[in-house]
Amino acid sequence: MLPSAAFLIEGGCDCRAVRYRMESAPLYVHCCHCRWCQRESGSAFALNALIEADRVANLGEPPEQVNTPSQSGAGQLIARCPKCKVAVWSHYAGAGPVVKFVRVGTLDNPDLLPPDIHIFTASKQPWVVLPAGVPSVPEYYERERYWPQESLERRQAVLPLIEAYQAAKAGGR
Ligand SMILES: [Zn+2]
Ligand SMILES: [Zn+2]
C-alpha cells in the first residue's frame, strides 16, 4: 500500500458527471469473491477500497444512493451516477455512512490499488487463480489480524462516528 502522503487520486463514472478524489490511501482493499459481488459486478469479484467517507471529495455531481439487498440481510447503499448509473462506491450496514467502499475499477488509475486480501474465496469462480503472497480467507476475517497498525488507528479515530450511527439505527427501529 502506498504511504498516505503520496496518495491523491481521482476517479468517476463513464459519463464524467460523477468525479471524486481520494485524499489518502485507503484503510484496506478487499477483493471479494462472494456471489453477491459477482452478481452486482456481473463479473468474478468486486474490488473495494475501504476509506473514511470524509476522505473522498466530490468533484462533480453527487451520486444517487440506491438501496440494494446484501448478503447480510441488512442491505447496502450503492452510490451511482444519476445519469449513466455506474456504481462508484457502497456503504454497508456495519460502518454506514462513515466508511466508503470505493470501487477500485472506477479510479482513473485502478492499478494503484491491488487487493490486500481476498475474501469469500469459498465461492470464488474456479478459473480465478489467487496470487501467492496475498492473504485469502474462505469468508470474512478479523480486522485486527490483518489490517496494518496505521489503518487500525484510523478506524479507531472514526469509531465514535460508527457507534453513533449504530445507536441511531437501533433507536429508529
Ligand atoms: Zn455518469
Ligand atoms: Zn462480496
# chains A, B, ... in the order shown; residues from 1 in each chain; ligands from 1
>>> residues_near_ligand(ligand="ligand 2", cutoff="10 Å", atoms="only C-alpha atoms and all ligand atoms", output="PyMOL selection string")
chain A and resi 30-41+45-48+70-71+119-121+123+139-140
>>> write_last_selection(atoms="N, CA, C and O atoms", output="short mmCIF file (atom, residue, chain, number, x, y, z; two decimals), in the first residue's frame")
data_model
loop_
_atom_site.label_atom_id
_atom_site.label_comp_id
_atom_site.auth_asym_id
_atom_site.auth_seq_id
_atom_site.Cartn_x
_atom_site.Cartn_y
_atom_site.Cartn_z
N HIS A 30 -10.26 -4.80 -0.33
CA HIS A 30 -10.86 -6.14 -0.41
C HIS A 30 -11.03 -6.56 -1.85
O HIS A 30 -11.54 -5.79 -2.66
N CYS A 31 -10.66 -7.80 -2.15
CA CYS A 31 -11.14 -8.44 -3.36
C CYS A 31 -12.15 -9.47 -2.90
O CYS A 31 -11.79 -10.47 -2.27
N CYS A 32 -13.42 -9.20 -3.18
CA CYS A 32 -14.49 -10.05 -2.64
C CYS A 32 -15.04 -10.97 -3.72
O CYS A 32 -15.50 -10.52 -4.77
N HIS A 33 -14.97 -12.26 -3.41
CA HIS A 33 -15.41 -13.29 -4.36
C HIS A 33 -16.79 -13.84 -4.01
O HIS A 33 -17.14 -14.94 -4.44
N CYS A 34 -17.57 -13.11 -3.20
CA CYS A 34 -18.89 -13.64 -2.84
C CYS A 34 -19.83 -13.57 -4.04
O CYS A 34 -19.62 -12.81 -4.98
N ARG A 35 -20.87 -14.39 -3.99
CA ARG A 35 -21.80 -14.44 -5.12
C ARG A 35 -22.52 -13.11 -5.32
O ARG A 35 -22.89 -12.75 -6.44
N TRP A 36 -22.73 -12.39 -4.23
CA TRP A 36 -23.42 -11.10 -4.34
C TRP A 36 -22.58 -10.11 -5.14
O TRP A 36 -23.07 -9.41 -6.02
N CYS A 37 -21.30 -10.06 -4.81
CA CYS A 37 -20.40 -9.15 -5.56
C CYS A 37 -20.29 -9.60 -7.01
O CYS A 37 -20.19 -8.77 -7.91
N GLN A 38 -20.31 -10.91 -7.22
CA GLN A 38 -20.24 -11.40 -8.61
C GLN A 38 -21.47 -10.92 -9.37
O GLN A 38 -21.37 -10.43 -10.51
N ARG A 39 -22.63 -11.02 -8.74
CA ARG A 39 -23.87 -10.61 -9.41
C ARG A 39 -23.88 -9.10 -9.65
O ARG A 39 -24.24 -8.61 -10.72
N GLU A 40 -23.49 -8.34 -8.61
CA GLU A 40 -23.57 -6.88 -8.73
C GLU A 40 -22.58 -6.32 -9.75
O GLU A 40 -22.84 -5.28 -10.37
N SER A 41 -21.45 -7.00 -9.89
CA SER A 41 -20.46 -6.52 -10.85
C SER A 41 -20.65 -7.17 -12.21
O SER A 41 -20.11 -6.70 -13.21
N PHE A 45 -15.52 -10.97 -9.34
CA PHE A 45 -15.27 -10.47 -7.98
C PHE A 45 -15.45 -8.96 -7.98
O PHE A 45 -15.58 -8.34 -9.04
N ALA A 46 -15.47 -8.39 -6.77
CA ALA A 46 -15.50 -6.93 -6.63
C ALA A 46 -14.23 -6.49 -5.94
O ALA A 46 -13.70 -7.19 -5.08
N LEU A 47 -13.72 -5.33 -6.34
CA LEU A 47 -12.51 -4.77 -5.76
C LEU A 47 -12.90 -3.46 -5.07
O LEU A 47 -13.26 -2.48 -5.73
N ASN A 48 -12.85 -3.49 -3.73
CA ASN A 48 -13.33 -2.36 -2.94
C ASN A 48 -12.23 -1.79 -2.06
O ASN A 48 -11.62 -2.52 -1.27
N SER A 70 -28.31 -7.03 0.45
CA SER A 70 -26.94 -7.51 0.64
C SER A 70 -26.98 -8.88 1.30
O SER A 70 -28.00 -9.29 1.86
N GLN A 71 -25.85 -9.56 1.27
CA GLN A 71 -25.76 -10.91 1.82
C GLN A 71 -26.11 -10.95 3.31
O GLN A 71 -26.71 -11.90 3.78
N ILE A 119 -11.35 -12.22 -0.06
CA ILE A 119 -12.33 -12.70 0.90
C ILE A 119 -13.44 -13.48 0.18
O ILE A 119 -13.64 -13.32 -1.03
N PHE A 120 -14.15 -14.29 0.98
CA PHE A 120 -15.21 -15.16 0.44
C PHE A 120 -14.70 -16.00 -0.73
O PHE A 120 -15.40 -16.20 -1.73
N THR A 121 -13.49 -16.53 -0.55
CA THR A 121 -12.93 -17.35 -1.64
C THR A 121 -13.64 -18.70 -1.74
O THR A 121 -13.44 -19.41 -2.72
N SER A 123 -16.56 -19.10 -2.51
CA SER A 123 -17.41 -19.03 -3.70
C SER A 123 -16.68 -18.43 -4.90
O SER A 123 -17.29 -17.97 -5.86
N GLU A 139 -14.25 -16.88 4.03
CA GLU A 139 -15.37 -15.95 4.19
C GLU A 139 -14.84 -14.60 4.62
O GLU A 139 -14.08 -13.99 3.89
N TYR A 140 -15.24 -14.15 5.83
CA TYR A 140 -14.72 -12.85 6.28
C TYR A 140 -13.52 -13.07 7.20
O TYR A 140 -13.03 -14.20 7.31
#
>>> residues_near_ligand(ligand="ligand 1", cutoff="8 Å", atoms="only C-alpha atoms and all ligand atoms", output="ChimeraX atom specification")
/A:12-18,80-86
>>> select_by_dssp(residues="region 35-169 of chain A", states="strand (DSSP E or B)", output="NGL selection string")
:A and (46-52 or 56-58 or 64-68 or 76-80 or 87-92 or 99-103 or 107 or 117-119 or 136)
>>> write_last_selection(atoms="N, CA and C atoms", output="compact mmCIF listing (two decimals), in the first residue's frame")
# COMPACT_ATOMS: atom_id res chain seq x y z
N ALA A 46 -15.47 -8.39 -6.77
CA ALA A 46 -15.50 -6.93 -6.63
C ALA A 46 -14.23 -6.49 -5.94
N LEU A 47 -13.72 -5.33 -6.34
CA LEU A 47 -12.51 -4.77 -5.76
C LEU A 47 -12.90 -3.46 -5.07
N ASN A 48 -12.85 -3.49 -3.73
CA ASN A 48 -13.33 -2.36 -2.94
C ASN A 48 -12.23 -1.79 -2.06
N ALA A 49 -11.99 -0.49 -2.17
CA ALA A 49 -11.03 0.20 -1.29
C ALA A 49 -11.81 0.86 -0.17
N LEU A 50 -11.57 0.40 1.06
CA LEU A 50 -12.27 0.95 2.22
C LEU A 50 -11.57 2.22 2.67
N ILE A 51 -12.34 3.29 2.83
CA ILE A 51 -11.75 4.57 3.23
C ILE A 51 -12.78 5.39 3.99
N GLU A 52 -12.30 6.20 4.95
CA GLU A 52 -13.19 7.09 5.66
C GLU A 52 -13.92 7.97 4.65
N VAL A 56 -13.04 11.29 0.87
CA VAL A 56 -13.40 11.24 -0.55
C VAL A 56 -14.14 12.52 -0.89
N ALA A 57 -13.55 13.35 -1.72
CA ALA A 57 -14.16 14.62 -2.09
C ALA A 57 -14.95 14.46 -3.38
N ASN A 58 -16.16 15.01 -3.37
CA ASN A 58 -16.97 15.03 -4.59
C ASN A 58 -16.52 16.17 -5.47
N GLU A 64 -26.29 9.27 -6.73
CA GLU A 64 -27.54 8.89 -6.07
C GLU A 64 -27.30 7.60 -5.31
N GLN A 65 -27.99 7.44 -4.18
CA GLN A 65 -27.79 6.26 -3.34
C GLN A 65 -28.94 5.29 -3.58
N VAL A 66 -28.60 4.11 -4.03
CA VAL A 66 -29.62 3.11 -4.34
C VAL A 66 -29.58 2.02 -3.27
N ASN A 67 -30.70 1.86 -2.57
CA ASN A 67 -30.80 0.84 -1.55
C ASN A 67 -30.87 -0.53 -2.22
N THR A 68 -29.90 -1.38 -1.86
CA THR A 68 -29.72 -2.65 -2.57
C THR A 68 -29.61 -3.77 -1.54
N GLN A 76 -27.40 -2.56 1.58
CA GLN A 76 -26.29 -1.64 1.35
C GLN A 76 -26.80 -0.50 0.48
N LEU A 77 -26.13 0.64 0.58
CA LEU A 77 -26.44 1.75 -0.31
C LEU A 77 -25.35 1.79 -1.37
N ILE A 78 -25.74 1.64 -2.61
CA ILE A 78 -24.77 1.73 -3.70
C ILE A 78 -24.89 3.12 -4.31
N ALA A 79 -23.76 3.85 -4.32
CA ALA A 79 -23.73 5.21 -4.88
C ALA A 79 -23.49 5.12 -6.37
N ARG A 80 -24.46 5.63 -7.14
CA ARG A 80 -24.39 5.52 -8.59
C ARG A 80 -24.50 6.90 -9.24
N ALA A 87 -21.75 2.47 -10.76
CA ALA A 87 -21.59 2.48 -9.30
C ALA A 87 -20.16 2.88 -8.94
N VAL A 88 -20.02 3.86 -8.06
CA VAL A 88 -18.68 4.32 -7.68
C VAL A 88 -18.26 3.90 -6.27
N TRP A 89 -19.23 3.72 -5.37
CA TRP A 89 -18.89 3.17 -4.05
C TRP A 89 -20.16 2.65 -3.39
N SER A 90 -19.93 1.93 -2.26
CA SER A 90 -21.05 1.41 -1.47
C SER A 90 -20.86 1.81 -0.02
N HIS A 91 -21.99 1.88 0.69
CA HIS A 91 -21.98 1.94 2.16
C HIS A 91 -22.66 0.69 2.67
N TYR A 92 -21.96 -0.04 3.55
CA TYR A 92 -22.55 -1.24 4.13
C TYR A 92 -23.09 -0.94 5.53
N VAL A 99 -17.87 5.00 6.34
CA VAL A 99 -16.84 4.38 5.50
C VAL A 99 -17.39 4.13 4.11
N LYS A 100 -16.62 4.52 3.11
CA LYS A 100 -16.98 4.22 1.73
C LYS A 100 -16.18 3.01 1.25
N PHE A 101 -16.86 2.13 0.54
CA PHE A 101 -16.20 1.04 -0.17
C PHE A 101 -16.10 1.49 -1.62
N VAL A 102 -14.98 2.13 -1.95
CA VAL A 102 -14.81 2.70 -3.29
C VAL A 102 -14.50 1.59 -4.28
N ARG A 103 -15.21 1.58 -5.38
CA ARG A 103 -14.97 0.55 -6.41
C ARG A 103 -13.71 0.90 -7.19
N LEU A 107 -11.46 4.13 -10.46
CA LEU A 107 -10.34 5.07 -10.38
C LEU A 107 -9.74 5.28 -11.77
N ILE A 117 -6.35 -8.28 0.49
CA ILE A 117 -6.85 -9.60 0.94
C ILE A 117 -7.93 -10.06 -0.04
N HIS A 118 -8.00 -11.37 -0.21
CA HIS A 118 -9.11 -11.97 -0.97
C HIS A 118 -10.07 -12.58 0.03
N ILE A 119 -11.35 -12.22 -0.06
CA ILE A 119 -12.33 -12.70 0.90
C ILE A 119 -13.44 -13.48 0.18
N SER A 136 -5.72 -14.77 1.84
CA SER A 136 -7.06 -15.10 1.36
C SER A 136 -7.78 -15.89 2.43
>>> select_by_dssp(residues="chain A", states="alpha helix (DSSP H)", output="ChimeraX atom specification")
/A:35-41,143-146,149-171
>>> write_last_selection(atoms="C-alpha atoms", output="JSON list (two decimals), in the first residue's frame")
[["chain", "number", "residue", "atom", "x", "y", "z"],
["A", 35, "ARG", "CA", -21.80, -14.44, -5.12],
["A", 36, "TRP", "CA", -23.42, -11.10, -4.34],
["A", 37, "CYS", "CA", -20.40, -9.15, -5.56],
["A", 38, "GLN", "CA", -20.24, -11.40, -8.61],
["A", 39, "ARG", "CA", -23.87, -10.61, -9.41],
["A", 40, "GLU", "CA", -23.57, -6.88, -8.73],
["A", 41, "SER", "CA", -20.46, -6.52, -10.85],
["A", 143, "ARG", "CA", -9.64, -6.91, 11.19],
["A", 144, "GLU", "CA", -7.05, -6.85, 13.99],
["A", 145, "ARG", "CA", -5.28, -9.81, 12.46],
["A", 146, "TYR", "CA", -4.80, -8.35, 9.00],
["A", 149, "GLN", "CA", -1.49, -0.69, 12.57],
["A", 150, "GLU", "CA", -1.97, 2.69, 10.90],
["A", 151, "SER", "CA", -5.31, 1.61, 9.45],
["A", 152, "LEU", "CA", -6.48, 0.23, 12.79],
["A", 153, "GLU", "CA", -5.67, 3.59, 14.38],
["A", 154, "ARG", "CA", -7.53, 5.44, 11.65],
["A", 155, "ARG", "CA", -10.54, 3.22, 12.25],
["A", 156, "GLN", "CA", -10.29, 3.88, 15.98],
["A", 157, "ALA", "CA", -10.47, 7.61, 15.21],
["A", 158, "VAL", "CA", -13.82, 7.28, 13.41],
["A", 159, "LEU", "CA", -15.22, 4.62, 15.75],
["A", 160, "PRO", "CA", -17.30, 7.16, 17.72],
["A", 161, "LEU", "CA", -19.00, 8.14, 14.45],
["A", 162, "ILE", "CA", -19.67, 4.49, 13.61],
["A", 163, "GLU", "CA", -21.07, 3.88, 17.09],
["A", 164, "ALA", "CA", -23.29, 6.96, 16.86],
["A", 165, "TYR", "CA", -24.62, 5.68, 13.54],
["A", 166, "GLN", "CA", -25.29, 2.23, 15.01],
["A", 167, "ALA", "CA", -27.02, 3.72, 18.06],
["A", 168, "ALA", "CA", -29.24, 5.94, 15.89],
["A", 169, "LYS", "CA", -30.13, 2.96, 13.71],
["A", 170, "ALA", "CA", -31.01, 0.81, 16.73],
["A", 171, "GLY", "CA", -33.12, 3.63, 18.18]]
>>> closest_residue(among="A:Ala74, A:Val128, A:Ala95, A:Ile9", to="Ser43 (chain A)", atoms="only C-alpha atoms")
A:Val128
